[in-house]
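One structure is given here, and the rest of the page talks about it.
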Amino acid sequence: ILRRLVLANNALIGTIPSQLGQLQGAAVLLTGNSFDDSSTAPLSLCIEEFDLASDTQLCPVERNALSDFYDATKGPEWTDDTNWLDEYESYCNWHGVTCDEDKNVTKLELANNGLSGRLRKSIGDLTSIKVLDLSDNDIKGSIPTEVGLLSELNYLRLSYNSFTGTAPRVLGALTKLQLLHLQSNRITGMPIMTQLDMSKYNKSTFVTDC
């Protein structure tokens with residue numbers, strides 16, 4: 001069984017082959033080559049033991065976060081998962097994902113798309129996101145506190161799922177939040193949401209069962 005593949009400090013060029021990502025459990029060392037700066041490394045390689053995994057050009061943080069999100073919410077069972085986990089396709093072209101010109105994820109809209117499983121803390125790596133709509137699915141467990149890291153968030157819709165536990169207090173620190181829908185879950189203990197302007201938006205701006 002291959003445990004370590006050392007191709008560092010050679011004159012390799014072009015795109016990193018996707019086959020390297022299939023070497024599960026093997027460390028892949030590619031430092032010191034001249035791969036194409038305009039392309040990313042294959043997704044499967046970035047989530048394995050790869051010496052260039054910290055290079056955000058080759059392995060974008062948000063792509064890794066979305067990959068983890070897909071795994072956590074049982075992506076293969078989604079209604080539509082077009083382009084998700086494609087080795088080279090830009091994550092900005094994955095179904096439900098919208099990016100700005102700098103390839104920062106600004107929207108993740110997957111309402112009524114057959115999601116289940118749970119949300120993981122990696123959701124907090126989508127630091128430029130403005131719209132997160134996962135309503136009308138069957139996501140379980142608690143809302144991770146890492147949602148509080150999404151400082152640019154304007155719209156958060158997690159309604160009609162199976163979330164449980166206490167709503168994270170960090171929701172109250174999301175100063176740009178304009179709309180929050182959490183109804184039809186089993187969530188308790190809502191934080192004070194002073195940032196929601198009820199005069200500008202209507203009473204449906206903040207909706208919860210609690």
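Labeling convention for the structure tokens: chains A, B, ... as they appear, residues from 1 per chain, ligands from 1 in order of appearance.
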Give me the residues within 9 Å of Thr127 of chain A as an NGL selection string, counting only C-alpha atoms and dropping any in the same chain fewer than 2 places off. :A and (62 or 104-106 or 123-125 or 129-130 or 149-153)
Env of Val170 of chain A: 8 Å cut, atoms = only C-alpha atoms, seq-sep filter 2 positions within chain, self excluded. Answer as a VMD selection string. chain A and resid 145 147 to 148 168 172 to 174 191
File of the preceding selection, C-alpha atoms, as an mmCIF file, in the first residue's frame:
data_model
loop_
_atom_site.group_PDB
_atom_site.id
_atom_site.type_symbol
_atom_site.label_atom_id
_atom_site.label_comp_id
_atom_site.auth_asym_id
_atom_site.auth_seq_id
_atom_site.Cartn_x
_atom_site.Cartn_y
_atom_site.Cartn_z
ATOM 1 C CA THR A 145 -22.014 28.528 17.000
ATOM 2 C CA VAL A 147 -22.656 30.751 12.317
ATOM 3 C CA GLY A 148 -21.631 33.727 14.432
ATOM 4 C CA PRO A 168 -26.766 30.276 19.491
ATOM 5 C CA GLY A 172 -27.357 38.454 18.273
ATOM 6 C CA ALA A 173 -23.892 39.637 17.192
ATOM 7 C CA LEU A 174 -24.654 39.450 13.471
ATOM 8 C CA PRO A 191 -31.131 35.625 21.789
#
Write out as a list of chain:residue names each polymer residue whose atoms come within 10 Å of Pro60 of chain A, counting only C-alpha atoms; drop sequence neighbours fewer than 4 positions from it. A:Thr40, A:Ala41, A:Leu43, A:Cys46, A:Ala53, A:Ser54, A:Asp55, A:Thr56, A:Asn64, A:Ala65, A:Ser90, A:Tyr91, A:Lys103, A:Asn104
Please report, as a VMD selection string, each residue of chain A to which DSSP assigns strand (DSSP E or B) when run on this structure's backbone. chain A and resid 4 to 6 13 to 14 27 to 29 34 to 35 50 97 to 99 105 to 109 118 131 to 133 140 to 141 155 to 157 162 to 166 179 to 181 186 to 188 206 to 207
Find the residues around segment 82-85 of chain A up to 9 Å (only C-alpha atoms counted), leave out those fewer than 4 positions away in its own chain, and share them as a ChimeraX atom specification. /A:43-44,63,66-67,70,75,89-91,93-96
At a cut-off of 9 Å, using only C-alpha atoms, what residues contact Gly14 of chain A? Leave out same-chain residues fewer than 2 positions from it and give the result as JSON, numbers by chain. {"A": [12, 16, 17, 34, 35, 36, 37, 39]}
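Computed from the coordinates, the atom CA of Thr79 of chain A to atom CA of Leu115 of chain A distance equals 8.1 Å.
Distances here use only C-alpha atoms; by that measure, the residue among A:Gly21, A:Gly165, A:Gly141, A:Gly32 closest to Leu7 of chain A is A:Gly32.
Residues with any atom within 9 Å of Leu134 of chain A, counting only C-alpha atoms and excluding same-chain neighbours fewer than 6 positions away, are A:Leu108, A:Glu109, A:Leu110, A:Ala111, A:Asn112, A:Asn113, A:Leu115, A:Leu156, A:Arg157, A:Leu158, A:Ser159, A:Tyr160, A:Asn161.
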Keeping only C-alpha atoms, write the selected residues as an mmCIF file, in the first residue's frame.
data_model
loop_
_atom_site.group_PDB
_atom_site.id
_atom_site.type_symbol
_atom_site.label_atom_id
_atom_site.label_comp_id
_atom_site.auth_asym_id
_atom_site.auth_seq_id
_atom_site.Cartn_x
_atom_site.Cartn_y
_atom_site.Cartn_z
ATOM 1 C CA LEU A 108 -25.844 29.457 -0.560
ATOM 2 C CA GLU A 109 -29.447 28.760 -1.549
ATOM 3 C CA LEU A 110 -30.535 25.143 -1.249
ATOM 4 C CA ALA A 111 -34.118 25.398 -0.022
ATOM 5 C CA ASN A 112 -36.301 22.320 -0.522
ATOM 6 C CA ASN A 113 -33.435 20.281 -1.939
ATOM 7 C CA LEU A 115 -30.729 18.021 2.598
ATOM 8 C CA LEU A 156 -30.627 33.491 7.350
ATOM 9 C CA ARG A 157 -33.399 31.022 6.613
ATOM 10 C CA LEU A 158 -33.234 27.689 8.445
ATOM 11 C CA SER A 159 -36.998 27.252 8.830
ATOM 12 C CA TYR A 160 -38.841 23.961 8.302
ATOM 13 C CA ASN A 161 -36.006 21.652 9.282
#
Distance query Arg4 of chain A at most 6 Å, only C-alpha atoms, self and fewer than 2 positions along chain excluded, as an mmCIF file with N, CA, C and O atoms, in the first residue's frame:
data_model
loop_
_atom_site.group_PDB
_atom_site.id
_atom_site.type_symbol
_atom_site.label_atom_id
_atom_site.label_comp_id
_atom_site.auth_asym_id
_atom_site.auth_seq_id
_atom_site.Cartn_x
_atom_site.Cartn_y
_atom_site.Cartn_z
ATOM 1 N N LEU A 2 0.612 2.146 -0.924
ATOM 2 C CA LEU A 2 1.397 3.373 -1.014
ATOM 3 C C LEU A 2 1.077 4.304 0.149
ATOM 4 O O LEU A 2 -0.081 4.623 0.396
ATOM 5 N N ALA A 26 -2.452 8.195 1.466
ATOM 6 C CA ALA A 26 -1.055 8.440 1.100
ATOM 7 C C ALA A 26 -0.749 9.932 1.160
ATOM 8 O O ALA A 26 -1.550 10.754 0.726
ATOM 9 N N ALA A 27 0.398 10.289 1.687
ATOM 10 C CA ALA A 27 0.858 11.670 1.683
ATOM 11 C C ALA A 27 1.409 11.996 0.305
ATOM 12 O O ALA A 27 2.209 11.242 -0.243
#
Which parts of segment 6-200 of chain A does DSSP call helix (DSSP H, G or I) when run on the backbone here, written out as an MDAnalysis selection string? chainID A and resid 18:22 43:46 61:72 75:77 91:93 121:125 145:149 169:173
Please produce a file of those selected residues containing C-alpha atoms, as a CSV table (one decimal), in the first residue's frame.
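Contents of the output file again07.csv:
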chain,number,residue,atom,x,y,z
A,18,SER,CA,-7.0,14.1,-10.4
A,19,GLN,CA,-5.7,10.6,-10.0
A,20,LEU,CA,-3.4,11.8,-7.2
A,21,GLY,CA,-6.5,12.5,-5.1
A,22,GLN,CA,-7.5,8.9,-5.3
A,43,LEU,CA,-10.8,18.6,-4.8
A,44,SER,CA,-10.1,15.1,-3.6
A,45,LEU,CA,-6.4,15.9,-3.2
A,46,CYS,CA,-7.1,19.0,-1.1
A,61,VAL,CA,-10.8,27.4,1.9
A,62,GLU,CA,-14.4,27.9,0.8
A,63,ARG,CA,-14.3,25.0,-1.6
A,64,ASN,CA,-13.2,22.8,1.3
A,65,ALA,CA,-15.9,24.2,3.5
A,66,LEU,CA,-18.6,23.5,0.9
A,67,SER,CA,-17.2,20.0,0.4
A,68,ASP,CA,-17.5,19.3,4.1
A,69,PHE,CA,-21.1,20.8,4.0
A,70,TYR,CA,-22.0,18.5,1.2
A,71,ASP,CA,-20.7,15.5,3.1
A,72,ALA,CA,-22.4,16.5,6.4
A,75,GLY,CA,-25.1,15.4,-0.6
A,76,PRO,CA,-25.6,12.3,-2.7
A,77,GLU,CA,-29.2,12.2,-1.6
A,91,TYR,CA,-17.3,25.9,-6.7
A,92,CYS,CA,-18.9,29.1,-7.8
A,93,ASN,CA,-20.7,26.9,-10.5
A,121,LYS,CA,-18.5,24.1,12.2
A,122,SER,CA,-16.9,24.5,8.7
A,123,ILE,CA,-20.0,26.6,7.8
A,124,GLY,CA,-18.1,29.4,9.6
A,125,ASP,CA,-15.5,29.4,6.8
A,145,THR,CA,-22.0,28.5,17.0
A,146,GLU,CA,-19.7,29.1,14.0
A,147,VAL,CA,-22.7,30.8,12.3
A,148,GLY,CA,-21.6,33.7,14.4
A,149,LEU,CA,-18.5,34.1,12.3
A,169,ARG,CA,-26.4,33.6,21.3
A,170,VAL,CA,-23.9,34.6,18.6
A,171,LEU,CA,-26.9,35.3,16.3
A,172,GLY,CA,-27.4,38.5,18.3
A,173,ALA,CA,-23.9,39.6,17.2
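You can rank A:Thr164, A:Thr73, A:Ser135, A:Ser38 by their closest distance to Cys59 of chain A using only C-alpha atoms, and at the top of that list sits A:Ser38.
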